[in-house]
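As provided, structure21.csv (CSV, C-alpha atoms) reads as follows.
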```csv
chain,number,residue,atom,x,y,z
A,1,MET,CA,-20.2,2.7,-6.2
A,2,ALA,CA,-17.6,-0.2,-6.2
A,3,PHE,CA,-16.9,-2.1,-3.1
A,4,GLN,CA,-13.3,-2.0,-1.9
A,5,LYS,CA,-11.4,-5.2,-2.0
A,6,LYS,CA,-10.0,-6.5,1.3
A,7,GLU,CA,-6.2,-6.4,1.2
A,8,ASP,CA,-4.4,-9.7,1.0
A,9,ASP,CA,-2.9,-10.7,4.4
A,10,SER,CA,-2.0,-14.3,3.5
A,11,ALA,CA,1.8,-13.7,3.6
A,12,TYR,CA,1.4,-12.1,7.1
A,13,ARG,CA,-0.6,-15.1,8.3
A,14,GLN,CA,2.0,-17.5,6.8
A,15,PHE,CA,4.8,-15.6,8.5
A,16,ARG,CA,3.1,-15.9,11.8
A,17,ARG,CA,2.7,-19.6,11.4
A,18,GLU,CA,6.4,-19.9,10.6
A,19,LEU,CA,7.3,-17.9,13.6
A,20,GLU,CA,5.1,-19.9,15.9
A,21,THR,CA,6.4,-23.3,14.7
A,22,GLY,CA,10.0,-22.1,14.6
A,23,ASN,CA,10.2,-23.0,10.9
A,24,ILE,CA,11.8,-19.6,10.0
A,25,GLY,CA,12.9,-19.1,6.4
A,26,ASN,CA,16.0,-17.5,4.9
A,27,LEU,CA,14.5,-14.4,3.3
A,28,TYR,CA,11.8,-11.9,4.1
A,29,ILE,CA,10.7,-8.5,3.0
A,30,PHE,CA,8.8,-6.4,5.6
A,31,TYR,CA,6.8,-3.4,4.5
A,32,GLY,CA,3.4,-1.8,5.1
A,33,GLU,CA,1.6,0.9,7.1
A,34,GLU,CA,1.6,-0.8,10.5
A,35,THR,CA,5.1,0.0,11.6
A,36,TYR,CA,4.4,-1.0,15.3
A,37,LEU,CA,3.5,-4.5,14.2
A,38,ARG,CA,6.5,-4.7,11.9
A,39,ASP,CA,8.9,-3.7,14.6
A,40,HIS,CA,7.2,-6.1,17.0
A,41,TYR,CA,7.8,-9.0,14.8
A,42,LEU,CA,11.4,-8.0,14.0
A,43,GLY,CA,11.9,-8.3,17.8
A,44,GLU,CA,10.2,-11.7,17.9
A,45,LEU,CA,12.4,-12.9,15.1
A,46,LYS,CA,15.4,-11.8,16.9
A,47,LYS,CA,14.3,-13.6,20.1
A,48,VAL,CA,13.7,-16.9,18.2
A,49,LEU,CA,16.8,-16.8,16.0
A,50,LEU,CA,19.5,-15.6,18.5
A,51,THR,CA,19.4,-17.8,21.5
A,52,GLY,CA,23.2,-18.0,22.3
A,53,GLY,CA,23.5,-14.5,23.8
A,54,LEU,CA,26.1,-13.3,21.3
A,55,ASP,CA,24.0,-10.7,19.4
A,56,ASP,CA,27.1,-8.7,18.5
A,57,PHE,CA,28.4,-11.6,16.4
A,58,ASN,CA,25.2,-13.0,15.0
A,59,TYR,CA,22.9,-9.9,14.5
A,60,HIS,CA,23.8,-7.4,11.8
A,61,ILE,CA,21.7,-4.3,10.8
A,62,LEU,CA,22.6,-2.3,7.7
A,63,GLN,CA,21.2,1.0,6.5
A,64,GLY,CA,20.4,0.8,2.8
A,65,LYS,CA,21.8,4.2,1.9
A,66,ASP,CA,25.2,3.3,3.2
A,67,MET,CA,25.3,-0.4,2.4
A,68,THR,CA,27.4,-2.0,-0.3
A,69,LEU,CA,26.7,-5.4,-1.8
A,70,GLN,CA,30.2,-6.5,-0.8
A,71,ARG,CA,29.3,-5.6,2.8
A,72,LEU,CA,26.0,-7.5,2.6
A,73,ARG,CA,27.8,-10.6,1.2
A,74,GLU,CA,30.2,-10.5,4.1
A,75,MET,CA,27.4,-10.4,6.6
A,76,VAL,CA,25.5,-13.2,4.9
A,77,ASP,CA,28.6,-15.4,4.7
A,78,ALA,CA,29.6,-14.8,8.3
A,79,MET,CA,29.1,-18.1,10.2
A,80,PRO,CA,27.1,-18.0,13.4
A,81,MET,CA,28.9,-18.1,16.7
A,82,MET,CA,27.5,-20.4,19.4
A,83,SER,CA,24.1,-20.2,17.6
A,84,GLU,CA,22.4,-22.0,14.8
A,85,ARG,CA,21.4,-18.8,12.9
A,86,THR,CA,22.5,-15.4,12.0
A,87,PHE,CA,20.1,-12.5,11.6
A,88,VAL,CA,20.8,-9.8,9.0
A,89,VAL,CA,18.5,-6.8,8.6
A,90,VAL,CA,18.7,-4.3,5.8
A,91,VAL,CA,16.7,-1.1,6.1
A,92,ASP,CA,15.5,0.9,3.1
A,93,TYR,CA,17.6,-0.5,0.4
A,94,ASP,CA,16.7,0.4,-3.2
A,95,MET,CA,16.6,-2.8,-5.1
A,96,ASN,CA,15.8,-1.2,-8.5
A,97,GLY,CA,18.3,-1.1,-11.3
A,98,GLY,CA,19.6,-4.6,-12.1
A,99,LYS,CA,22.2,-5.3,-9.4
A,100,GLU,CA,23.4,-8.7,-10.5
A,101,PRO,CA,25.5,-9.2,-7.4
A,102,LEU,CA,22.3,-9.0,-5.3
A,103,LEU,CA,20.8,-11.7,-7.5
A,104,GLU,CA,23.8,-13.9,-6.8
A,105,ILE,CA,23.7,-13.3,-3.0
A,106,ILE,CA,20.0,-14.1,-2.8
A,107,SER,CA,20.3,-17.1,-5.1
A,108,ASP,CA,22.8,-18.7,-2.7
A,109,LEU,CA,21.8,-17.8,0.8
A,110,PRO,CA,23.3,-20.2,3.4
A,111,ASP,CA,20.8,-22.2,5.5
A,112,TYR,CA,22.0,-20.6,8.7
A,113,VAL,CA,21.1,-17.0,7.7
A,114,CYS,CA,17.8,-15.1,8.0
A,115,LEU,CA,17.9,-12.0,5.8
A,116,VAL,CA,15.2,-9.4,6.2
A,117,PHE,CA,14.8,-6.3,3.9
A,118,VAL,CA,12.8,-3.7,5.9
A,119,TYR,CA,11.0,-0.8,4.2
A,120,ASP,CA,10.4,2.1,6.5
A,121,VAL,CA,11.0,5.5,4.7
A,122,LEU,CA,11.3,4.0,1.2
A,123,GLU,CA,8.2,2.5,-0.4
A,124,TYR,CA,8.5,-1.2,-1.4
A,125,LYS,CA,7.6,-1.2,-5.1
A,126,PRO,CA,8.5,-4.6,-6.7
A,127,ASP,CA,8.9,-4.7,-10.5
A,128,ASN,CA,7.2,-8.0,-11.2
A,129,ARG,CA,8.9,-8.2,-14.6
A,130,SER,CA,12.4,-8.1,-13.2
A,131,LYS,CA,14.6,-11.2,-12.5
A,132,LEU,CA,15.2,-9.9,-9.0
A,133,SER,CA,11.4,-9.7,-8.2
A,134,LYS,CA,10.8,-13.2,-9.5
A,135,LEU,CA,13.8,-14.5,-7.4
A,136,LEU,CA,12.5,-12.7,-4.3
A,137,LYS,CA,9.1,-14.3,-4.8
A,138,GLU,CA,10.7,-17.7,-5.3
A,139,LYS,CA,13.1,-17.6,-2.4
A,140,GLY,CA,11.4,-15.5,0.2
A,141,LEU,CA,8.2,-14.0,1.6
A,142,ALA,CA,7.1,-10.4,1.2
A,143,VAL,CA,5.1,-9.6,4.4
A,144,ASN,CA,2.7,-6.6,4.2
A,145,PHE,CA,2.0,-5.3,7.7
A,146,LEU,CA,-1.5,-4.0,7.2
A,147,ARG,CA,-3.7,-2.0,9.5
A,148,GLN,CA,-5.5,-4.5,11.8
A,149,ASP,CA,-9.2,-5.1,11.8
A,150,GLN,CA,-11.6,-4.2,14.6
A,151,LYS,CA,-11.6,-7.5,16.4
A,152,ASP,CA,-7.8,-7.8,16.6
A,153,LEU,CA,-7.4,-4.2,17.6
A,154,THR,CA,-9.9,-4.2,20.4
A,155,GLY,CA,-8.3,-7.3,21.9
A,156,TRP,CA,-4.9,-5.8,21.6
A,157,ILE,CA,-6.1,-2.5,23.2
A,158,ALA,CA,-7.6,-4.5,26.1
A,159,ARG,CA,-4.3,-6.3,26.6
A,160,ARG,CA,-2.3,-3.0,26.6
A,161,PHE,CA,-4.6,-1.6,29.2
A,162,ARG,CA,-4.3,-4.7,31.4
A,163,ALA,CA,-0.5,-4.3,31.3
A,164,LEU,CA,-1.1,-0.8,32.8
A,165,GLY,CA,-3.4,-2.1,35.5
A,166,HIS,CA,-6.7,-1.1,33.8
A,167,GLU,CA,-9.7,-2.6,32.0
A,168,ILE,CA,-11.6,-1.3,29.0
A,169,GLY,CA,-14.9,-2.5,27.5
A,170,THR,CA,-15.2,-3.4,23.8
A,171,GLU,CA,-17.4,-0.4,23.1
A,172,ASP,CA,-14.9,2.1,24.6
A,173,ALA,CA,-12.0,0.4,22.8
A,174,SER,CA,-13.9,0.8,19.6
A,175,TYR,CA,-14.5,4.5,20.5
A,176,LEU,CA,-10.8,5.0,21.1
A,177,ILE,CA,-10.1,3.5,17.6
A,178,PHE,CA,-12.6,5.9,16.1
A,179,LEU,CA,-11.2,8.9,17.9
A,180,CYS,CA,-7.5,8.3,17.4
A,181,GLY,CA,-7.3,6.1,14.3
A,182,ASP,CA,-6.4,2.5,13.8
A,183,LEU,CA,-2.7,2.6,13.6
A,184,MET,CA,-1.2,0.8,16.5
A,185,THR,CA,1.9,3.0,16.5
A,186,ASN,CA,-0.3,6.0,17.4
A,187,LEU,CA,-2.7,4.1,19.7
A,188,VAL,CA,0.2,3.0,21.9
A,189,THR,CA,0.8,6.6,22.9
A,190,GLU,CA,-2.9,7.3,23.4
A,191,ILE,CA,-3.3,4.2,25.6
A,192,GLU,CA,-0.4,5.2,27.8
A,193,LYS,CA,-1.9,8.7,28.2
A,194,VAL,CA,-5.3,7.4,29.1
A,195,GLY,CA,-3.9,4.8,31.4
A,196,ALA,CA,-1.9,7.3,33.3
A,197,TYR,CA,-4.9,9.7,33.6
A,198,ALA,CA,-7.6,7.2,34.6
A,199,LYS,CA,-8.2,7.0,38.3
A,200,GLU,CA,-10.3,3.9,38.4
A,201,LYS,CA,-9.5,0.4,37.2
A,202,ARG,CA,-12.1,0.6,34.5
A,203,VAL,CA,-11.3,3.1,31.8
A,204,THR,CA,-14.3,5.2,30.8
A,205,ARG,CA,-15.2,7.3,27.7
A,206,ARG,CA,-14.8,10.4,29.8
A,207,ASP,CA,-11.1,9.4,30.5
A,208,ILE,CA,-10.5,9.0,26.8
A,209,ASP,CA,-12.1,12.3,25.9
A,210,SER,CA,-10.1,14.1,28.6
A,211,VAL,CA,-6.6,13.3,27.3
A,212,ALA,CA,-6.7,11.5,23.9
A,213,THR,CA,-5.8,13.5,20.8
A,214,PRO,CA,-8.6,13.1,18.2
A,215,GLN,CA,-7.8,12.5,14.5
A,216,LEU,CA,-9.2,14.9,11.9
A,217,ASP,CA,-11.8,12.4,10.8
A,218,ALA,CA,-13.3,12.2,14.3
A,219,VAL,CA,-13.4,16.0,14.6
A,220,ILE,CA,-15.2,16.2,11.3
A,221,PHE,CA,-17.8,13.7,12.6
A,222,TRP,CA,-18.4,16.2,15.5
A,223,LEU,CA,-18.9,18.9,13.0
A,224,THR,CA,-21.5,17.0,10.9
A,225,ASP,CA,-23.2,15.8,14.2
A,226,ALA,CA,-23.6,19.4,15.1
A,227,VAL,CA,-25.1,20.1,11.7
A,228,ALA,CA,-27.5,17.2,12.2
A,229,GLU,CA,-28.6,18.6,15.5
A,230,ARG,CA,-29.1,22.1,13.9
A,231,ASN,CA,-26.5,23.3,16.4
A,232,PHE,CA,-24.6,25.6,14.1
A,233,ASP,CA,-22.9,27.5,16.9
A,234,LYS,CA,-21.3,24.2,17.9
A,235,ALA,CA,-20.4,23.4,14.2
A,236,PHE,CA,-18.7,26.8,13.8
A,237,SER,CA,-16.9,26.2,17.1
A,238,VAL,CA,-15.5,22.9,15.9
A,239,LEU,CA,-14.4,24.5,12.6
A,240,GLY,CA,-12.7,27.3,14.6
A,241,ASP,CA,-10.9,24.7,16.7
A,242,LEU,CA,-9.6,23.0,13.6
A,243,LEU,CA,-8.4,26.2,12.1
A,244,HIS,CA,-6.8,27.2,15.4
A,245,MET,CA,-4.9,23.9,15.4
A,246,GLN,CA,-3.6,25.0,12.0
A,247,GLU,CA,-5.1,22.2,10.0
A,248,ALA,CA,-4.8,23.1,6.3
A,249,PRO,CA,-8.2,24.2,5.0
A,250,ILE,CA,-7.8,22.1,1.9
A,251,LYS,CA,-7.3,19.0,4.1
A,252,ILE,CA,-10.3,19.9,6.2
A,253,LEU,CA,-12.4,20.2,3.1
A,254,SER,CA,-11.1,16.9,1.7
A,255,VAL,CA,-12.0,15.0,4.9
A,256,LEU,CA,-15.4,16.7,5.1
A,257,GLY,CA,-16.1,15.9,1.5
A,258,LYS,CA,-15.2,12.2,2.1
A,259,GLN,CA,-17.4,12.0,5.1
A,260,LEU,CA,-20.3,13.6,3.3
A,261,ARG,CA,-20.0,11.0,0.5
A,262,GLN,CA,-20.0,8.3,3.2
A,263,LEU,CA,-23.1,9.9,4.7
A,264,TYR,CA,-24.8,9.9,1.3
A,265,ALA,CA,-23.9,6.2,1.0
A,266,ALA,CA,-25.5,5.6,4.5
A,267,CYS,CA,-28.7,7.4,3.3
A,268,LEU,CA,-28.8,5.2,0.3
A,269,ALA,CA,-28.3,2.1,2.5
A,270,ARG,CA,-31.2,3.1,4.8
A,271,GLU,CA,-33.4,3.6,1.8
A,272,ALA,CA,-32.5,0.2,0.4
A,273,GLY,CA,-32.9,-1.6,3.7
A,274,LYS,CA,-29.2,-2.3,4.0
A,275,GLY,CA,-27.2,-2.1,7.3
A,276,SER,CA,-24.0,-0.6,8.6
A,277,GLN,CA,-21.9,-3.6,7.4
A,278,TRP,CA,-22.8,-2.7,3.8
A,279,VAL,CA,-21.5,0.8,4.3
A,280,ALA,CA,-18.3,-0.5,6.1
A,281,ASP,CA,-17.7,-2.9,3.2
A,282,LEU,CA,-18.3,-0.2,0.6
A,283,TRP,CA,-15.7,2.1,2.2
A,284,GLY,CA,-13.2,-0.5,3.3
A,285,MET,CA,-13.7,0.3,7.0
A,286,ARG,CA,-11.9,-2.1,9.3
A,287,SER,CA,-13.9,-0.8,12.3
A,288,ALA,CA,-17.7,-1.1,12.4
A,289,TYR,CA,-18.0,1.9,14.7
A,290,PRO,CA,-17.9,4.7,12.1
A,291,ALA,CA,-20.3,2.9,9.8
A,292,GLU,CA,-22.8,2.5,12.7
A,293,LYS,CA,-22.3,6.2,13.5
A,294,LEU,CA,-23.0,7.1,9.9
A,295,MET,CA,-26.2,5.1,9.8
A,296,ARG,CA,-27.4,6.9,12.9
A,297,SER,CA,-26.5,10.3,11.5
A,298,ALA,CA,-28.2,9.4,8.2
A,299,ARG,CA,-31.6,9.5,10.0
A,300,SER,CA,-31.2,13.3,10.2
A,301,PHE,CA,-30.3,13.9,6.6
A,302,SER,CA,-32.0,13.5,3.2
A,303,LYS,CA,-30.4,12.3,0.0
A,304,GLU,CA,-31.2,15.7,-1.5
A,305,TRP,CA,-29.4,17.5,1.2
A,306,CYS,CA,-26.3,15.3,0.8
A,307,ARG,CA,-26.3,15.9,-2.9
A,308,ARG,CA,-26.6,19.7,-2.5
A,309,THR,CA,-23.9,19.7,0.1
A,310,LEU,CA,-21.5,17.6,-2.0
A,311,LEU,CA,-22.0,20.1,-4.8
A,312,LEU,CA,-21.2,22.9,-2.4
A,313,CYS,CA,-18.0,21.1,-1.4
A,314,GLU,CA,-17.0,20.6,-5.0
A,315,LYS,CA,-17.6,24.3,-5.7
A,316,THR,CA,-15.5,25.3,-2.6
A,317,ASP,CA,-12.7,22.9,-3.6
A,318,PHE,CA,-12.6,24.5,-7.1
A,319,ALA,CA,-12.5,28.0,-5.6
A,320,LEU,CA,-9.7,27.2,-3.2
A,321,LYS,CA,-7.6,25.6,-5.9
A,322,SER,CA,-8.2,28.1,-8.7
A,323,SER,CA,-9.0,31.5,-7.3
A,324,GLY,CA,-6.7,31.8,-4.3
A,325,LEU,CA,-9.7,32.3,-2.0
A,326,ASP,CA,-8.8,32.5,1.7
A,327,GLY,CA,-9.2,29.0,3.2
A,328,LYS,CA,-10.9,30.2,6.4
A,329,GLU,CA,-13.3,32.3,4.5
A,330,ALA,CA,-14.1,29.5,2.1
A,331,LEU,CA,-14.9,27.0,4.8
A,332,THR,CA,-16.9,29.5,6.8
A,333,ASN,CA,-19.0,30.2,3.7
A,334,LEU,CA,-19.4,26.5,3.1
A,335,LEU,CA,-20.7,26.0,6.6
A,336,LEU,CA,-23.1,28.9,6.3
A,337,ASP,CA,-24.5,27.4,3.0
A,338,MET,CA,-24.9,24.1,4.8
A,339,ALA,CA,-26.8,25.8,7.6
A,340,ALA,CA,-29.0,27.6,5.1
A,341,SER,CA,-29.8,24.3,3.3
A,342,SER,CA,-32.6,22.2,4.7
A,343,ALA,CA,-31.4,18.9,6.3
A,344,VAL,CA,-34.8,17.2,6.1
```
Could you spell out this file's structure in structure tokens?
Amino acid sequence: MAFQKKEDDSAYRQFRRELETGNIGNLYIFYGEETYLRDHYLGELKKVLLTGGLDDFNYHILQGKDMTLQRLREMVDAMPMMSERTFVVVVDYDMNGGKEPLLEIISDLPDYVCLVFVYDVLEYKPDNRSKLSKLLKEKGLAVNFLRQDQKDLTGWIARRFRALGHEIGTEDASYLIFLCGDLMTNLVTEIEKVGAYAKEKRVTRRDIDSVATPQLDAVIFWLTDAVAERNFDKAFSVLGDLLHMQEAPIKILSVLGKQLRQLYAACLAREAGKGSQWVADLWGMRSAYPAEKLMRSARSFSKEWCRRTLLLCEKTDFALKSSGLDGKEALTNLLLDMAASSAV
């Protein structure tokens, strides 16, 4: 099993330094999964660049599907009014296919302009062989807004709760990440729900469980926990809830299979005397919480049980994709087979 490489966040860190020092460049490309962070820093750029109060004259936003290069040139060439900089944002513009005029615009950006290409719906896929890609690399900075790690996220969650008049402990913040996922865009909504529900200043896990919407991965953890406890009535109840919520059976099976592979890795880690950090690194987990939970769960399972169950998942996956077997029936049979198989 190969360890997953940590994604490169050097451009993100460089951009933050430029923003903090006020040494803002002429050209940026914003892309990546963490749209909340991307939009936050677009707002911060706007605050720093546009200080004269004449946003209508110095701030321009263009939608890529409607934009012409002539229009972009006009926005870039427009002198700032009562401000040192202009701010031009282009959303979801397809740069592929030559486009020599774009090369000319980027090659000769005025010092006063800050041009940002934002990728939201479109995926940013640079062709490193093209002249345009090489020019963008030379003149600008491509900032990938990645999912944040555990330490940054828990600190951010605590600050968000403080703004709502609440406090939350590090363990409970980690639990919220585990339950609802690590995308800040989604966590903002969950924090607001929990903050509105909590009656006391200190947010508790009970507050979180009462109103937060769990992601599929967390619910599958509940299912495997029930299996570990030999509580198959609970396991079937969790499966029934997932199907009632109209989660696609093939998706449930995919997440279950992934978690069983992670559980198998945790069993191997325990046998080799390795800890939860090894499991977290192996699977590229930004939060330590699920890795620690897997290590605890691994005490209830043997390697042999994990192997057998993974083979059952593979068999079920093949049946779902090749025979048209009813998804609910397939998952029910899988859980029955898991129940019949010894977990010790």
Worksheet item: Can you list, as a PyMOL selection string, every protein, DNA or RNA residue that comes within 8 Å of Thr309 of chain A when you count only C-alpha atoms, leaving out same-chain residues fewer than 3 positions away?
Response: chain A and resi 260+305-306+312-313+338
With 6 Å of padding per side, what axis-aligned box (centre and edge lengths, Å, one decimal) covers all the listed atoms of segment 286-291 of chain A? Give it as lines of an AutoDock Vina configuration file.
```
center_x = -16.1
center_y = 1.3
center_z = 12.0
size_x = 20.4
size_y = 18.8
size_z = 17.4
```
Worksheet entry | Atom pair atom CA of Val211 of chain A / atom CA of Glu190 of chain A: separation (Å) |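 Straight-line distance from atom CA of Val211 of chain A to atom CA of Glu190 of chain A works out to 8.1 Å.
Coordinates place atom CA of Gly169 of chain A at a distance of 27.9 Å from atom CA of Ala228 of chain A.
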Item to complete: Would you mind listing what lies within 7 Å of Tyr31 of chain A as a PyMOL selection string, with all atoms listed in the file counted and same-chain residues fewer than 5 positions away left out?
Response: chain A and resi 118-120+124+143-145
Discussion item. Calculated over only C-alpha atoms, which of the candidates A:Glu104, A:Glu167, A:Asp209, A:Glu7 has the smallest distance to Gly284 of chain A?
Written reply: A:Glu7
Worksheet entry | Point-to-point distance from atom CA of Asp66 of chain A to atom CA of Val91 of chain A, Å rounded to tenths |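 Between atom CA of Asp66 of chain A and atom CA of Val91 of chain A the gap works out to 10.0 Å.
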Practice prompt. Find the residues near Ser130 of chain A: any atom within 12 Å, counting all atoms listed in the file, skip ones fewer than 3 places away on the same chain, and give them as a PyMOL selection string.
Written response: chain A and resi 95-100+103+125-127+133-137
The selected residues should be written to file as a PDB file, in the frame of the given file (atoms: C-alpha atoms).
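Okay, result39.pdb is ready:
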```pdb
ATOM      1  CA  MET A  95      16.600  -2.800  -5.100  1.00  0.00           C
ATOM      2  CA  ASN A  96      15.800  -1.200  -8.500  1.00  0.00           C
ATOM      3  CA  GLY A  97      18.300  -1.100 -11.300  1.00  0.00           C
ATOM      4  CA  GLY A  98      19.600  -4.600 -12.100  1.00  0.00           C
ATOM      5  CA  LYS A  99      22.200  -5.300  -9.400  1.00  0.00           C
ATOM      6  CA  GLU A 100      23.400  -8.700 -10.500  1.00  0.00           C
ATOM      7  CA  LEU A 103      20.800 -11.700  -7.500  1.00  0.00           C
ATOM      8  CA  LYS A 125       7.600  -1.200  -5.100  1.00  0.00           C
ATOM      9  CA  PRO A 126       8.500  -4.600  -6.700  1.00  0.00           C
ATOM     10  CA  ASP A 127       8.900  -4.700 -10.500  1.00  0.00           C
ATOM     11  CA  SER A 133      11.400  -9.700  -8.200  1.00  0.00           C
ATOM     12  CA  LYS A 134      10.800 -13.200  -9.500  1.00  0.00           C
ATOM     13  CA  LEU A 135      13.800 -14.500  -7.400  1.00  0.00           C
ATOM     14  CA  LEU A 136      12.500 -12.700  -4.300  1.00  0.00           C
ATOM     15  CA  LYS A 137       9.100 -14.300  -4.800  1.00  0.00           C
TER      16      LYS A 137
END
```
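Residue nearest Ala298 of chain A within the list A:Val279, A:Leu122, A:Ala266, A:Ala272: A:Ala266 [criterion: smallest interatomic distance, all atoms listed in the file].
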Starting from the incomplete input, reconstruct N, CA and C atoms of segment 123-145 of chain A and write that as a short mmCIF file (atom, residue, chain, number, x, y, z; two decimals), keeping the file's coordinate frame.
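For reference, out_4.cif as written:
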```cif
data_model
loop_
_atom_site.label_atom_id
_atom_site.label_comp_id
_atom_site.auth_asym_id
_atom_site.auth_seq_id
_atom_site.Cartn_x
_atom_site.Cartn_y
_atom_site.Cartn_z
N GLU A 123 9.41 3.31 -0.07
CA GLU A 123 8.20 2.50 -0.40
C GLU A 123 8.72 1.23 -1.11
N TYR A 124 8.15 0.09 -0.72
CA TYR A 124 8.50 -1.20 -1.40
C TYR A 124 7.65 -1.27 -2.66
N LYS A 125 8.33 -1.19 -3.82
CA LYS A 125 7.60 -1.20 -5.10
C LYS A 125 8.32 -2.29 -5.99
N PRO A 126 7.90 -3.54 -5.88
CA PRO A 126 8.50 -4.60 -6.70
C PRO A 126 8.18 -4.43 -8.17
N ASP A 127 9.16 -4.64 -9.03
CA ASP A 127 8.90 -4.70 -10.50
C ASP A 127 8.75 -6.15 -10.85
N ASN A 128 7.51 -6.56 -11.01
CA ASN A 128 7.20 -8.00 -11.20
C ASN A 128 7.78 -8.55 -12.49
N ARG A 129 8.29 -7.68 -13.36
CA ARG A 129 8.90 -8.20 -14.60
C ARG A 129 10.39 -8.47 -14.45
N SER A 130 10.98 -8.01 -13.38
CA SER A 130 12.40 -8.10 -13.20
C SER A 130 12.83 -9.52 -12.71
N LYS A 131 14.07 -9.91 -13.00
CA LYS A 131 14.60 -11.20 -12.50
C LYS A 131 14.66 -11.16 -10.97
N LEU A 132 15.03 -10.00 -10.40
CA LEU A 132 15.20 -9.90 -9.00
C LEU A 132 13.82 -10.12 -8.26
N SER A 133 12.77 -9.50 -8.79
CA SER A 133 11.40 -9.70 -8.20
C SER A 133 10.99 -11.10 -8.23
N LYS A 134 11.21 -11.76 -9.35
CA LYS A 134 10.80 -13.20 -9.50
C LYS A 134 11.63 -14.04 -8.51
N LEU A 135 12.91 -13.71 -8.34
CA LEU A 135 13.80 -14.50 -7.40
C LEU A 135 13.32 -14.28 -5.98
N LEU A 136 13.00 -13.03 -5.63
CA LEU A 136 12.50 -12.70 -4.30
C LEU A 136 11.24 -13.51 -3.96
N LYS A 137 10.37 -13.59 -4.94
CA LYS A 137 9.10 -14.30 -4.80
C LYS A 137 9.37 -15.81 -4.60
N GLU A 138 10.36 -16.31 -5.33
CA GLU A 138 10.70 -17.70 -5.30
C GLU A 138 11.37 -18.12 -3.98
N LYS A 139 12.29 -17.28 -3.53
CA LYS A 139 13.10 -17.60 -2.40
C LYS A 139 12.61 -17.13 -1.04
N GLY A 140 11.78 -16.09 -1.06
CA GLY A 140 11.40 -15.50 0.20
C GLY A 140 9.92 -15.20 0.32
N LEU A 141 9.58 -14.36 1.31
CA LEU A 141 8.20 -14.00 1.60
C LEU A 141 8.10 -12.53 1.86
N ALA A 142 7.28 -11.84 1.07
CA ALA A 142 7.10 -10.40 1.20
C ALA A 142 5.86 -10.21 2.16
N VAL A 143 6.10 -9.68 3.36
CA VAL A 143 5.10 -9.60 4.40
C VAL A 143 4.59 -8.12 4.48
N ASN A 144 3.32 -7.92 4.15
CA ASN A 144 2.70 -6.60 4.20
C ASN A 144 2.03 -6.43 5.58
N PHE A 145 2.55 -5.53 6.41
CA PHE A 145 2.00 -5.30 7.70
C PHE A 145 0.85 -4.27 7.58
#
```
